[in-house]
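Visitor: For reference, the structure I am asking about is given below.
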There are 4 protein chains.
Amino acid sequence: MINVGVIGFGYWGPNVVRNMMATPGIRVQMVCDQDSKNLSRAKGIYSRLRLTTDYKEVTDSSSIDAVAIVTPVSTHYEIAKRALMKGKHIFIEKPLARTSKEAEDLIRMAEAKKLVIMVDHTFLFTGAVGKIKELIDANVLGDLYYYDSTRISLGLFQNYVNVIWDLAPHDFYIIDYLFKNKPHKVSATGLDHFNRGHENIAYITIYLKGGLIAHINANWLSPVKVRNILIGGQKKMLIWDDLEVDERLKIYDKGITLGEKEGIYKMLVDYRSGDMVSPKLDSTEALKKEMVYFHECITTKKEPFNDGHAGLRVVKLLEAASQSLKQDGRHVNVNIG
Amino acid sequence: MINVGVIGFGYWGPNVVRNMMATPGIRVQMVCDQDSKNLSRAKGIYSRLRLTTDYKEVTDSSSIDAVAIVTPVSTHYEIAKRALMKGKHIFIEKPLARTSKEAEDLIRMAEAKKLVIMVDHTFLFTGAVGKIKELIDANVLGDLYYYDSTRISLGLFQNYVNVIWDLAPHDFYIIDYLFKNKPHKVSATGLDHFNRGHENIAYITIYLKGGLIAHINANWLSPVKVRNILIGGQKKMLIWDDLEVDERLKIYDKGITLGEKEGIYKMLVDYRSGDMVSPKLDSTEALKKEMVYFHECITTKKEPFNDGHAGLRVVKLLEAASQSLKQDGRHVNVNIG
Amino acid sequence: MINVGVIGFGYWGPNVVRNMMATPGIRVQMVCDQDSKNLSRAKGIYSRLRLTTDYKEVTDSSSIDAVAIVTPVSTHYEIAKRALMKGKHIFIEKPLARTSKEAEDLIRMAEAKKLVIMVDHTFLFTGAVGKIKELIDANVLGDLYYYDSTRISLGLFQNYVNVIWDLAPHDFYIIDYLFKNKPHKVSATGLDHFNRGHENIAYITIYLKGGLIAHINANWLSPVKVRNILIGGQKKMLIWDDLEVDERLKIYDKGITLGEKEGIYKMLVDYRSGDMVSPKLDSTEALKKEMVYFHECITTKKEPFNDGHAGLRVVKLLEAASQSLKQDGRHVNVNIG
Amino acid sequence: MINVGVIGFGYWGPNVVRNMMATPGIRVQMVCDQDSKNLSRAKGIYSRLRLTTDYKEVTDSSSIDAVAIVTPVSTHYEIAKRALMKGKHIFIEKPLARTSKEAEDLIRMAEAKKLVIMVDHTFLFTGAVGKIKELIDANVLGDLYYYDSTRISLGLFQNYVNVIWDLAPHDFYIIDYLFKNKPHKVSATGLDHFNRGHENIAYITIYLKGGLIAHINANWLSPVKVRNILIGGQKKMLIWDDLEVDERLKIYDKGITLGEKEGIYKMLVDYRSGDMVSPKLDSTEALKKEMVYFHECITTKKEPFNDGHAGLRVVKLLEAASQSLKQDGRHVNVNIG
């Protein structure tokens with residue numbers, strides 16, 4: 001039995017607790033939150049939990065094996081460092097840390113003590129990403145051309161981070177997970193309309209090795225909510241609309257075929273248009289599958305794919321994007337893998 | 001009566017001829033095309049037209065008052081120059097020319113001879129753009145924040161221009177028309193997946209004066225066709241989906257209100273969410289209205305808003321975007337108005 | 001404080017308990033269910049509830065003021081009768097009873113003892129129905145022509161009732177609530193494809209007084225879920241799509257105007273097409289508002305609009321529709337108000 | 001070469017002429033219309049046609065082999081009869097005639113003279129119906145349960161026929177073509193809101209042999225246009241949305257499986273939910289394919305599937321539906337095949 005203490009019981013924490021509670025082999029023993037209203041909400045639902053407002057009670061408790069850190073990114077390093085020092089495995093919200101230096105520190109500590117760091121990259125456990133990964137690995141899409149994500153809504157303006165740190169991590173870890181080709185250059189543009197010190201609109205381009213390009217449109221000021229991702233390949237293309245209920249993923253047998261032709265045209269483009277298939281997706285709650293995986297990684301001493309290194313790569317992309325943003329789009333090199 | 005010669009009878013030319021024919025005060029006398037198949041198609045529809053494969057017969061004819069140039073951009077300068085030299089008004093496809101130097105030349109010639117240059121910026125005559133212009137001019141949207149256009153499809157790969165020159169001119173002239181604030185910086189990223197010498201995917205950011213940002217997602221490799229534009233303002237926001245039949249324009253009473261708050265938060269954001277209105281739009285064919293306007297500008301010696309200068313501004317944006325594209329996003333200053 | 005006992009804790013019961021718990025002036029004291037698994041689920045959430053498998057413990061308890069009956073319709077009469085006999089107000093699922101005779105019995109008992117019967121007509125408390133009622137009462141739609149509902153899905157086949165008793169009650173009570181004109185004739189067609197004794201597809205037409213027609217398409221065998229209602233009036237028409245998130249209600253300034261014209265045409269029809277408005281709707285949970293209303297009706301001795309008589313009218317329509325169904329569409333007269 | 005005279009050049013006639021002109025082996029020689037404005041429109045497009053306002057010039061011309069009758073149904077019998085008498089094959093708009101007696105007369109005459117009657121059932125030649133027919137014939141859908149069509153819009157009020165005669169013929173001939181099981185009973189409800197003598201809203205149920213039910217919702221007063229057909233089978237179900245551009249047909253691997261179970265439930269229903277496929281459809285213009293078929297039937301003396309008998313079956317359904325409508329839904333037996 002893995003005994004867990006959960007730090008942070010605001011918006012996402014309750015989901016973490018509920019899913020850990022439902023996972024065989026995991027028991028949530030403690031919940032910590034600085035806000036006593038959140039704690040009393042926790043008490044209302046789970047009467048047997050130990051509650052505290054001091055995160056050190058959790059990290060330092062000898063009865064705790066693992067700590068879930070469900071707090072703002074600004075607090076991650078301090079809490080995670082202490083938890084690792086005290087020998088606890090950690091499950092931590094994305095992004096892993098404020099800087100790549102912080103992330104590297106945490107990775108070093110975990111490796112030294114053979115502890116698991118799992119970064120909560122929830123989307124990787126959805127039926128949609130699972131199916132897309134399967135298609136890409138089986139080369140169903142063919143050579144990959146682009147990843148194009150629109151992630152906009154009249155969204156909560158965050159006080160401490162810009163729209164990239166808020167919305168783009170989802171795309172960054174999905175890109176990291178799906179594609180073998182790694183990013184090597186990032187360009188970002190955007191604007192802070194209200195002089196808050198944080199951009200509320202941003203457009204990010206990532207150049208990956210091997211001729212794959214990724215683009216993310218992130219906007220807190222859209223009248224409609226859109227969560228739409230296109231992936232284009234030589235053989236097939238797909239659209240993943242995460243707000244669709246029944247037909248979340250659509251795979252198109254569409255594309256082009258290039259031929260040679262002498263004379264005035266260098267290349268000849270033929271268009272292909274066939275059926276569209278919307279596959280049935282596994283509808284198990286993603287967080288639930290992630291918790292089972294967390295348990296498995298700890299008990300079998302397996303390195304999770306959403307480990308500290310994956311978390312670090314996401315932080316490196318965030319740093320590069322923010323830096324490019326300050327320079328109105330000048331591309332910034334990233335050194336990943 | 002304005003007698004017109006139309007040069008180019010491929011894809012768009014027939015629409016120009018048909019709408020000119022239907023415009024009181026305009027008579028199409030000649031049609032020119034290098035391809036005799038196109039000419040015989042013209043003959044099949046309009047038996048009385050004079051047909052020729054030599055554009056100089058049109059530009060040089062003493063019975064012609066105006067020339068419509070509906071040919072690829074690479075031929076614009078040569079044909080337009082001769083037409084102006086021969087004292088003809090010109091109606092010319094977008095983009096006006098290959099370079100800003102060419103465009104400036106044409107403007108100078110037209111001004112010297114007091115001739116009209118009208119660049120075919122068709123969308124400006126649609127019911128949608130007319131309504132949006134009306135809303136912006138009446139300050140219904142409030143302070144403007146962004147313009148965000150998605151213009152993607154499994155589109156015809158052009159042989160001589162990249163996707164920016166093919167798709168972005170629409171957005172460039174719409175932006176030029178709608179907003180008083182002028183562009184001052186452009187950043188563009190993209191990729192030429194097939195080594196054709198022309199990018200087939202591009203993402204363009206335009207920084208306009210006064211804190212307005214515009215973005216265009218242009219892609220020839222999308223499995224679905226999207227023609228979607230969002231415009232966000234302080235008071236209202238709108239979506240224009242040009243592929244919608246009945247509800248092409250939706251205006252949302254949504255947005256944020258910023259307040260001051262002492263203490264830890266520098267700013268307080270309140271969200272506003274009200275009704276959505278989809279106004280009935282004028283459904284007259286845009287090109288028809290443009291032809292009436294062409295006639296009016298010539299007969300009343302009025303400078304059209306889609307004149308050579310507007311055409312030049314679009315070319316300057318195209319040049320800047322292409323230049324930034326070659327440098328993976330580094331922003332390029334533009335000097336417009 | 002009104003002390004309530006809730007009978008039935010299957011699919012809908014938990015929602016009733018949760019919303020009653022959150023209503024000032026109402027306290028849920030007891031929960032009854034024949035299935036001990038349901039009871040232990042109740043215990044897991046609310047530790048202080050008294051639990052029982054015998055509904056009579058609830059109806060007969062002297063500490064209980066009102067009983068919520070959230071059980072299959074076949075049990076309604078027996079439980080409701082006992083509750084009323086014991087002097088309890090009742091909140092009861094739709095449809096009120098199996099037959100109009102049963103419903104009339106319950107009404108008589110409640111009136112004799114001055115007790116409230118509230119039938120759970122939840123949709124009447126949604127933002128959508130509230131807004132539609134407002135529009136109709138203010139004559140915004142003009143003379144009313146039709147109500148057309150599509151209520152289809154791959155739906156749970158009920159074992160004891162046909163698709164009309166399962167799906168149509170929603171439309172019947174909405175029609176009863178919205179329109180002053182009362183139904184006078186019903187025709188229904190449909191089929192029982194599997195010889196289960198209950199039709200799984202049915203099409204119901206209701207003729208209301210004053211030239212208003214209503215139609216309901218009810219189907220348990222549709223591959224997609226649709227909850228779509230059109231209401232057409234002389235001045236405006238509307239669509240209520242209950243599965244839409246943001247634009248659930250759309251009001252169209254569309255319609256026809258009839259003129260007189262001498263000669264060969266008896267009537268001249270002019271078409272009108274204006275703006276569409278999607279109003280912001282109150283998004284409070286409907287059941288929560290219904291509970292507040294239940295409390296208000298009991299404490300102020302007010303007759304609810306969703307009272308036993310409304311429940312009886314719905315049962316009469318169900319009886320008429322079922323009778324017509326057995327006769328392949330022959331219309332059946334109904335005697336309502 | 002088959003020489004054709006086309007009678008009627010209003011809304012649909014020009015499409016018939018254009019497609020006949022483009023069909024090898026067919027030549028349109030004459031066009032007739034009572035309205036000289038229509039005739040001059042014809043002349044504007046096709047300079048070599050013989051034009052007349054007297055249909056007898058067409059039917060009686062010795063140089064004409066076949067007559068296309070593209071006029072209102074009230075004139076069909078008179079014109080078709082004369083054409084057949086004069087030994088011409090006929091291509092005729094749906095519905096074939098005003099009464100089954102008229103239709104039977106025409107069939108008799110054609111058979112006596114071995115002439116082709118082809119009723120213009122255009123939808124049968126669309127890619128969508130072609131694909132659906134293929135699926136049904138290959139038993140991909142399994143046992144068939146229902147056909148459910150919504151055919152509504154703010155539609156042109158016809159002066160001489162009700163909404164059933166205007167809109168339902170499409171569904172009637174599609175049903176006749178797709179399903180081997182023939183209709184045996186019809187029930188229809190509806191209303192004439194404006195005392196025009198013709199219902200503007202109607203709901204039609206057709207009981208087919210073998211437990212298949214069809215329903216058509218026909219409405220001239222809808223604020224939105226819908227052309228939506230669901231077909232449910234035991235193995236698969238499909239939706240055909242004729243207003244969709246790209247995904248007109250969607251085939252769902254959804255349905256139920258019935259099992260036996262002892263005890264309280266007579267039957268056990270299992271739900272199945274798999275992939276959805278939207279097949280690429282043949283996009284050739286339907287009318288063009290129909291013309292090629294008309295040529296083939298005449299030259300090879302082949303009986304078309306959309307012959308006079310198919311036209312008669314549609315008329316019989318129209319008569320039955322209209323009769324039921326007058327009796328508020330009472331079912332009317334039909335005797336077809």
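Quick note on naming: the chains in the structure tokens go A, B, ... in the order shown, residues restart at 1 in each chain, and ligands are numbered from 1 in order of appearance.
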Would you write out, as JSON lines, a table of all residues in range 127-171 of chain B that have an atom no more than 12 Å from an atom of range 253-258 of chain B, listing for each the closest atom pair and the distance in Å to one decimal, considering only C-alpha atoms and ordering rows by chain and rising residue number?
Guide:
```
{"residue": "B:Val140", "atom": "CA", "partner": "B:Asp253", "partner_atom": "CA", "distance": 10.1}
{"residue": "B:Leu141", "atom": "CA", "partner": "B:Asp253", "partner_atom": "CA", "distance": 9.0}
{"residue": "B:Gly142", "atom": "CA", "partner": "B:Gly255", "partner_atom": "CA", "distance": 10.4}
{"residue": "B:Asp143", "atom": "CA", "partner": "B:Gly255", "partner_atom": "CA", "distance": 11.3}
{"residue": "B:Leu144", "atom": "CA", "partner": "B:Gly255", "partner_atom": "CA", "distance": 11.5}
{"residue": "B:Tyr145", "atom": "CA", "partner": "B:Gly255", "partner_atom": "CA", "distance": 10.9}
```
Visitor: Take the residues from that selection and write them out as a CSV table (one decimal), in the first residue's frame, keeping all heavy atoms.
Guide:
```
chain,number,residue,atom,x,y,z
B,140,VAL,N,-18.7,49.8,-31.6
B,140,VAL,CA,-19.5,48.8,-30.9
B,140,VAL,C,-18.6,47.8,-30.2
B,140,VAL,O,-18.9,47.3,-29.2
B,140,VAL,CB,-20.5,48.2,-31.9
B,140,VAL,CG1,-21.2,47.0,-31.3
B,140,VAL,CG2,-21.5,49.2,-32.4
B,141,LEU,N,-17.5,47.5,-30.8
B,141,LEU,CA,-16.6,46.5,-30.3
B,141,LEU,C,-15.7,47.1,-29.2
B,141,LEU,O,-15.1,46.4,-28.4
B,141,LEU,CB,-15.7,45.9,-31.3
B,141,LEU,CG,-16.3,45.2,-32.6
B,141,LEU,CD1,-15.3,44.5,-33.4
B,141,LEU,CD2,-17.4,44.2,-32.1
B,142,GLY,N,-15.6,48.4,-29.1
B,142,GLY,CA,-14.7,49.1,-28.1
B,142,GLY,C,-13.3,49.0,-28.6
B,142,GLY,O,-13.0,48.7,-29.7
B,143,ASP,N,-12.3,49.2,-27.7
B,143,ASP,CA,-10.9,49.1,-28.0
B,143,ASP,C,-10.6,47.8,-28.6
B,143,ASP,O,-11.1,46.7,-28.1
B,143,ASP,CB,-10.1,49.3,-26.7
B,143,ASP,CG,-10.1,50.7,-26.2
B,143,ASP,OD1,-10.6,51.6,-26.9
B,143,ASP,OD2,-9.6,50.9,-25.1
B,144,LEU,N,-9.9,47.7,-29.7
B,144,LEU,CA,-9.6,46.5,-30.4
B,144,LEU,C,-8.4,45.8,-29.9
B,144,LEU,O,-7.3,46.4,-29.7
B,144,LEU,CB,-9.5,46.8,-31.9
B,144,LEU,CG,-10.9,47.3,-32.5
B,144,LEU,CD1,-10.6,47.9,-33.8
B,144,LEU,CD2,-11.9,46.2,-32.5
B,145,TYR,N,-8.5,44.5,-29.7
B,145,TYR,CA,-7.4,43.7,-29.1
B,145,TYR,C,-6.7,42.8,-30.2
B,145,TYR,O,-5.5,42.8,-30.2
B,145,TYR,CB,-7.8,42.8,-28.0
B,145,TYR,CG,-8.3,43.6,-26.8
B,145,TYR,CD1,-9.4,43.2,-26.0
B,145,TYR,CD2,-7.7,44.8,-26.4
B,145,TYR,CE1,-9.8,43.9,-24.9
B,145,TYR,CE2,-8.2,45.5,-25.3
B,145,TYR,CZ,-9.2,45.1,-24.6
B,145,TYR,OH,-9.7,45.8,-23.5
```
Visitor: Distance cut-off 9 Å, counting only C-alpha atoms - which residues of chain B neighbour chain D? Return them as a PyMOL selection string.
Guide: chain B and resi 44-46+224+246
Visitor: Between B:His170, B:Lys209, B:Arg50, B:Lys235, which has the minimum distance to Gly311 in chain B (counting only C-alpha atoms)?
Guide: B:His170
Visitor: Give me, please, the distance in Å between CA of Lys182 in chain D and CA of Glu303 in chain D, quoted to one decimal.
Guide: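 Taking CA of Lys182 in chain D as the start and CA of Glu303 in chain D as the end point, the length is 19.8 Å.
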Visitor: Quick check for you: according to DSSP on this backbone, which residues of range 164-260 of chain A are classed as strand (DSSP E or B)? Reply as a ChimeraX atom specification.
Guide: /A:183-191,201-208,212-219,226-233,237-241,249-260
